[in-house]
Amino acid sequence: MAQNVTLIATAAMGLESVVANEVKELGYEVNVENGKVIFDAPISAIPRCNLWIRTGDRIKVLVGEFEATSFDELFEGTKSIPWESFITEDGQFPVSGKSVKSKLYSVPDCQAIVKKAVAERLKLKYGLASKMPETGALYRIEVAILKDKVSLTMDTSGSGLHKRGYRVGQGDAPLKETMAAALLKLTNWKPEYPLIDPFCGSGTVAIEAALIGQSIAPGFNRDFASQDWDFVKNKYWDQAFEEAEDKANYDQKLQIIGSDIDHNMIKISKENAREAGLGDLISWKQMQVRDLFLRNENGYIVSNPPYGERIGDRKEIAKMHKDLGTIMKNHPSWSVYIITAYEDFEKQYGEKATKKRKLFNGFIRTDYYQYFGKKVEGK
């Protein structure tokens with residue numbers, strides 16, 4: 001098959017530019033569209049991107065694109081694609097789908113037609129008279145139709161990239177690992193600066209910061225669907241894991257603290273950090289935000305405080321916002337980054353943000369309030 005493929009890194013709404021920067025850092029040219037970053041790259045990019053992309057949701061291979069306004073066109077267009085270059089004779093290829101503003105709007109029908117067309121092509125190429133065995137590696141195909149344009153992709157990741165493999169416990173509303181990494185990437189924090197998450201929950205922000213700080217590939221401790229694919233050679237995976245090992249800087253000292261009012265969340269955070277291989281690299285403390293004590297200059301607060309559902313909770317959370325704002329007034333060299341669904345956050349905190357960015361935390365519309373500290377030179 002061709003040595004280059006077209007890849008798509010899918011992204012949560014509002015994070016496309018963050019994901020694009022990560023892909024560029026890996027050395028690939030990108031095109032950014034809503035919810036995705038598209039780029040041409042060698043096959044060896046499949047392992048590299050799965051291992052290194054911290055803020056994207058999945059890495060997909062774009063197998064083919066064409067226009068279709070009838071089921072016949074969908075069938076023939078799908079069948080014309082060289083699926084045998086990707087899927088082995090015994091490969092499993094379930095088909096999922098979506099359709100937006102298109103004449104072919106019945107997703108189950110589109111899925112069934114794509115499945116049949118792929119099977120016909122593979123049977124023809126592999127010389128099979130009966131149905132495909134589908135006992136081997138898993139190749140998840142997606143048919144996506146937008147304004148009559150069909151895109152056929154295969155998911156190289158398997159589980160979403162947010163599943164790093166370290167989360168053994170979590171709270172009621174955990175922050176996705178990919179979102180936590182994005183919050184950090186949207187700051188100019190560097191590993192030599194102190195970083196605190198005073199509402200740490202299950203520890204995701206602090207753990208992601210430690211992974212970034214020591215240049216540890218986020219996918220280092222998990223498996224990916226494309227590890228079983230024949231066309232993604234084992235040598236590419238070996239090279240990618242070797243690169244990840246070479247780039248890791250385990251000697252980098254870090255000053256990262258996660259604190260929470262709930263002692264159970266601190267226990268969970270410690271377990272998650274151990275599972276991530278970070279051991280005692282992060283300090284965990286059970287305390288209220290009003291007890292926050294900042295010893296150093298030029299530090300960073302990055303946090304996702306609880307949003308609260310009940311009226312009583314909202315009053316308590318408003319008080320926490322106020323307490324944090326009061327403390328930070330005395331530490332002008334510190335930068336503060338808070339993601340919250342509270343529209344009155346600035347009023348409660350007591351200061352207007354330097355910058356505000358709209359983000360979606362899952363399906364919840366939030367704002368990312370950014371307060372830039374005035375750095376103290378020589379500190």
# chains A, B, ... in the order shown; residues from 1 in each chain; ligands from 1
>>> select_by_dssp(residues="region 320-373 of chain A", states="strand (DSSP E)", output="ChimeraX atom specification")
/A:335-340,355-361,364-371
>>> residues_around(residues="Ser85 (chain A)", least_positions_apart="4", cutoff="12 Å", atoms="only C-alpha atoms", output="list of chain:residue names")
A:Met1, A:Ala2, A:Gln3, A:Val5, A:Val63, A:Ile81, A:Glu89, A:Gly91, A:Val118, A:Arg121, A:Leu122, A:Lys125, A:Tyr126, A:Trp229, A:Asp230, A:Phe231, A:Val232
>>> residues_around(residues="Gln239 (chain A)", least_positions_apart="2", cutoff="12 Å", atoms="only C-alpha atoms", output="PDB file with N, CA, C and O atoms, in the first residue's frame")
ATOM      1  N   SER A  44       3.991   5.374   9.975  1.00  0.00           N
ATOM      2  CA  SER A  44       4.647   5.407  11.294  1.00  0.00           C
ATOM      3  C   SER A  44       4.066   6.483  12.213  1.00  0.00           C
ATOM      4  O   SER A  44       4.287   6.462  13.424  1.00  0.00           O
ATOM      5  N   ALA A  45       3.295   7.426  11.636  1.00  0.00           N
ATOM      6  CA  ALA A  45       2.656   8.468  12.454  1.00  0.00           C
ATOM      7  C   ALA A  45       1.511   7.907  13.292  1.00  0.00           C
ATOM      8  O   ALA A  45       1.135   8.506  14.303  1.00  0.00           O
ATOM      9  N   ILE A  46       0.954   6.770  12.883  1.00  0.00           N
ATOM     10  CA  ILE A  46      -0.171   6.186  13.637  1.00  0.00           C
ATOM     11  C   ILE A  46       0.265   5.837  15.060  1.00  0.00           C
ATOM     12  O   ILE A  46      -0.365   6.277  16.032  1.00  0.00           O
ATOM     13  N   PRO A  47       1.367   5.077  15.255  1.00  0.00           N
ATOM     14  CA  PRO A  47       1.832   4.845  16.624  1.00  0.00           C
ATOM     15  C   PRO A  47       2.261   6.130  17.328  1.00  0.00           C
ATOM     16  O   PRO A  47       1.926   6.343  18.502  1.00  0.00           O
ATOM     17  N   ARG A  48       2.977   7.007  16.645  1.00  0.00           N
ATOM     18  CA  ARG A  48       3.486   8.233  17.287  1.00  0.00           C
ATOM     19  C   ARG A  48       2.342   9.102  17.788  1.00  0.00           C
ATOM     20  O   ARG A  48       2.380   9.610  18.921  1.00  0.00           O
ATOM     21  N   LEU A  51       0.494   7.605  20.773  1.00  0.00           N
ATOM     22  CA  LEU A  51       1.294   7.673  21.990  1.00  0.00           C
ATOM     23  C   LEU A  51       1.377   9.089  22.553  1.00  0.00           C
ATOM     24  O   LEU A  51       1.369   9.283  23.767  1.00  0.00           O
ATOM     25  N   VAL A 232       0.305  -1.661   9.859  1.00  0.00           N
ATOM     26  CA  VAL A 232       1.077  -0.815  10.788  1.00  0.00           C
ATOM     27  C   VAL A 232       2.134  -1.729  11.413  1.00  0.00           C
ATOM     28  O   VAL A 232       1.883  -2.399  12.408  1.00  0.00           O
ATOM     29  N   LYS A 233       3.280  -1.782  10.782  1.00  0.00           N
ATOM     30  CA  LYS A 233       4.305  -2.779  11.129  1.00  0.00           C
ATOM     31  C   LYS A 233       4.749  -2.674  12.595  1.00  0.00           C
ATOM     32  O   LYS A 233       4.778  -1.582  13.162  1.00  0.00           O
ATOM     33  N   ASN A 234       5.136  -3.818  13.158  1.00  0.00           N
ATOM     34  CA  ASN A 234       5.629  -3.846  14.539  1.00  0.00           C
ATOM     35  C   ASN A 234       6.814  -2.909  14.738  1.00  0.00           C
ATOM     36  O   ASN A 234       6.973  -2.307  15.804  1.00  0.00           O
ATOM     37  N   LYS A 235       7.626  -2.767  13.682  1.00  0.00           N
ATOM     38  CA  LYS A 235       8.816  -1.911  13.812  1.00  0.00           C
ATOM     39  C   LYS A 235       8.426  -0.443  14.065  1.00  0.00           C
ATOM     40  O   LYS A 235       9.131   0.288  14.764  1.00  0.00           O
ATOM     41  N   TYR A 236       7.263  -0.013  13.514  1.00  0.00           N
ATOM     42  CA  TYR A 236       6.811   1.358  13.752  1.00  0.00           C
ATOM     43  C   TYR A 236       6.431   1.556  15.218  1.00  0.00           C
ATOM     44  O   TYR A 236       6.698   2.612  15.815  1.00  0.00           O
ATOM     45  N   TRP A 237       5.798   0.540  15.800  1.00  0.00           N
ATOM     46  CA  TRP A 237       5.453   0.611  17.216  1.00  0.00           C
ATOM     47  C   TRP A 237       6.721   0.596  18.074  1.00  0.00           C
ATOM     48  O   TRP A 237       6.843   1.365  19.027  1.00  0.00           O
ATOM     49  N   PHE A 241       7.708   3.610  20.668  1.00  0.00           N
ATOM     50  CA  PHE A 241       7.922   3.395  22.105  1.00  0.00           C
ATOM     51  C   PHE A 241       9.356   3.745  22.500  1.00  0.00           C
ATOM     52  O   PHE A 241       9.594   4.279  23.580  1.00  0.00           O
ATOM     53  N   GLU A 242      10.294   3.465  21.597  1.00  0.00           N
ATOM     54  CA  GLU A 242      11.695   3.816  21.857  1.00  0.00           C
ATOM     55  C   GLU A 242      11.860   5.339  21.932  1.00  0.00           C
ATOM     56  O   GLU A 242      12.549   5.869  22.811  1.00  0.00           O
ATOM     57  N   GLU A 243      11.200   6.045  21.000  1.00  0.00           N
ATOM     58  CA  GLU A 243      11.240   7.514  20.996  1.00  0.00           C
ATOM     59  C   GLU A 243      10.647   8.055  22.301  1.00  0.00           C
ATOM     60  O   GLU A 243      11.186   8.984  22.910  1.00  0.00           O
ATOM     61  N   ALA A 244       9.524   7.458  22.744  1.00  0.00           N
ATOM     62  CA  ALA A 244       8.883   7.907  23.981  1.00  0.00           C
ATOM     63  C   ALA A 244       9.817   7.706  25.172  1.00  0.00           C
ATOM     64  O   ALA A 244       9.915   8.580  26.050  1.00  0.00           O
ATOM     65  N   GLU A 245      10.512   6.589  25.189  1.00  0.00           N
ATOM     66  CA  GLU A 245      11.443   6.313  26.295  1.00  0.00           C
ATOM     67  C   GLU A 245      12.610   7.303  26.275  1.00  0.00           C
ATOM     68  O   GLU A 245      13.036   7.814  27.317  1.00  0.00           O
ATOM     69  N   ASP A 246      13.096   7.603  25.074  1.00  0.00           N
ATOM     70  CA  ASP A 246      14.232   8.541  24.929  1.00  0.00           C
ATOM     71  C   ASP A 246      13.855   9.957  25.360  1.00  0.00           C
ATOM     72  O   ASP A 246      14.673  10.686  25.917  1.00  0.00           O
TER      73      ASP A 246
END
>>> select_by_dssp(residues="region 62-237 of chain A", states="alpha helix (DSSP H)", output="JSON, numbers by chain")
{"A": [71, 72, 73, 74, 75, 76, 77, 78, 79, 107, 108, 109, 110, 111, 112, 113, 114, 115, 116, 117, 118, 119, 120, 121, 122, 123, 124, 125, 126, 177, 178, 179, 180, 181, 182, 183, 184, 185, 204, 205, 206, 207, 208, 209, 210, 211, 212, 213, 234, 235, 236, 237]}
>>> residues_around(residues="Val19 (chain A)", least_positions_apart="2", cutoff="12 Å", atoms="only C-alpha atoms", output="count of residues only")
43
>>> atom_distance(atom1="CA of Ile216 (chain A)", atom2="CA of Ile43 (chain A)")
22.2 Å
>>> residues_around(residues="Glu67 (chain A)", least_positions_apart="2", cutoff="6 Å", atoms="only C-alpha atoms", output="PDB file with N, CA and C atoms, in the first residue's frame")
ATOM      1  N   ASP A 148     -24.162  15.212   1.850  1.00  0.00           N
ATOM      2  CA  ASP A 148     -24.006  14.221   0.775  1.00  0.00           C
ATOM      3  C   ASP A 148     -22.552  13.826   0.485  1.00  0.00           C
ATOM      4  N   LYS A 149     -21.615  14.311   1.283  1.00  0.00           N
ATOM      5  CA  LYS A 149     -20.220  13.885   1.123  1.00  0.00           C
ATOM      6  C   LYS A 149     -19.936  12.777   2.135  1.00  0.00           C
ATOM      7  N   VAL A 150     -19.497  11.637   1.615  1.00  0.00           N
ATOM      8  CA  VAL A 150     -19.243  10.455   2.441  1.00  0.00           C
ATOM      9  C   VAL A 150     -17.767  10.412   2.832  1.00  0.00           C
TER      10      VAL A 150
END
>>> residues_around(residues="Gly158 (chain A)", least_positions_apart="5", cutoff="8 Å", atoms="only C-alpha atoms", output="mmCIF file with N, CA, C and O atoms, in the first residue's frame")
data_model
loop_
_atom_site.group_PDB
_atom_site.id
_atom_site.type_symbol
_atom_site.label_atom_id
_atom_site.label_comp_id
_atom_site.auth_asym_id
_atom_site.auth_seq_id
_atom_site.Cartn_x
_atom_site.Cartn_y
_atom_site.Cartn_z
ATOM 1 N N PHE A 224 -3.475 -0.038 21.887
ATOM 2 C CA PHE A 224 -4.250 0.617 20.832
ATOM 3 C C PHE A 224 -4.710 -0.430 19.818
ATOM 4 O O PHE A 224 -4.006 -1.423 19.571
ATOM 5 N N ALA A 225 -5.868 -0.197 19.209
ATOM 6 C CA ALA A 225 -6.440 -1.148 18.249
ATOM 7 C C ALA A 225 -5.462 -1.452 17.114
ATOM 8 O O ALA A 225 -5.313 -2.603 16.687
ATOM 9 N N SER A 226 -4.766 -0.419 16.630
ATOM 10 C CA SER A 226 -3.903 -0.595 15.444
ATOM 11 C C SER A 226 -2.605 -1.342 15.738
ATOM 12 O O SER A 226 -1.837 -1.622 14.815
#
>>> closest_residue(among="A:Ile207, A:Ile257, A:Leu161, A:Leu104", to="Leu278 (chain A)", atoms="only C-alpha atoms")
A:Ile207
>>> residues_around(residues="Asn298 (chain A)", least_positions_apart="3", cutoff="6 Å", atoms="only C-alpha atoms", output="ChimeraX atom specification")
/A:333-334,375
>>> write_last_selection(atoms="N, CA and C atoms", output="PDB file, in the first residue's frame")
ATOM      1  N   SER A 333       2.278  37.482  41.382  1.00  0.00           N
ATOM      2  CA  SER A 333       3.152  36.805  40.411  1.00  0.00           C
ATOM      3  C   SER A 333       2.570  35.451  39.968  1.00  0.00           C
ATOM      4  N   TRP A 334       1.517  35.013  40.646  1.00  0.00           N
ATOM      5  CA  TRP A 334       0.898  33.731  40.298  1.00  0.00           C
ATOM      6  C   TRP A 334      -0.143  33.920  39.188  1.00  0.00           C
ATOM      7  N   LYS A 375       5.204  38.251  36.402  1.00  0.00           N
ATOM      8  CA  LYS A 375       6.352  37.442  36.799  1.00  0.00           C
ATOM      9  C   LYS A 375       7.409  38.270  37.536  1.00  0.00           C
TER      10      LYS A 375
END
>>> closest_residue(among="A:Tyr300, A:Lys322, A:Lys347, A:Ser283", to="Lys374 (chain A)", atoms="only C-alpha atoms")
A:Tyr300
>>> closest_residue(among="A:Gly213, A:Gly171, A:Gly136, A:Gly97", to="Thr153 (chain A)", atoms="only C-alpha atoms")
A:Gly97
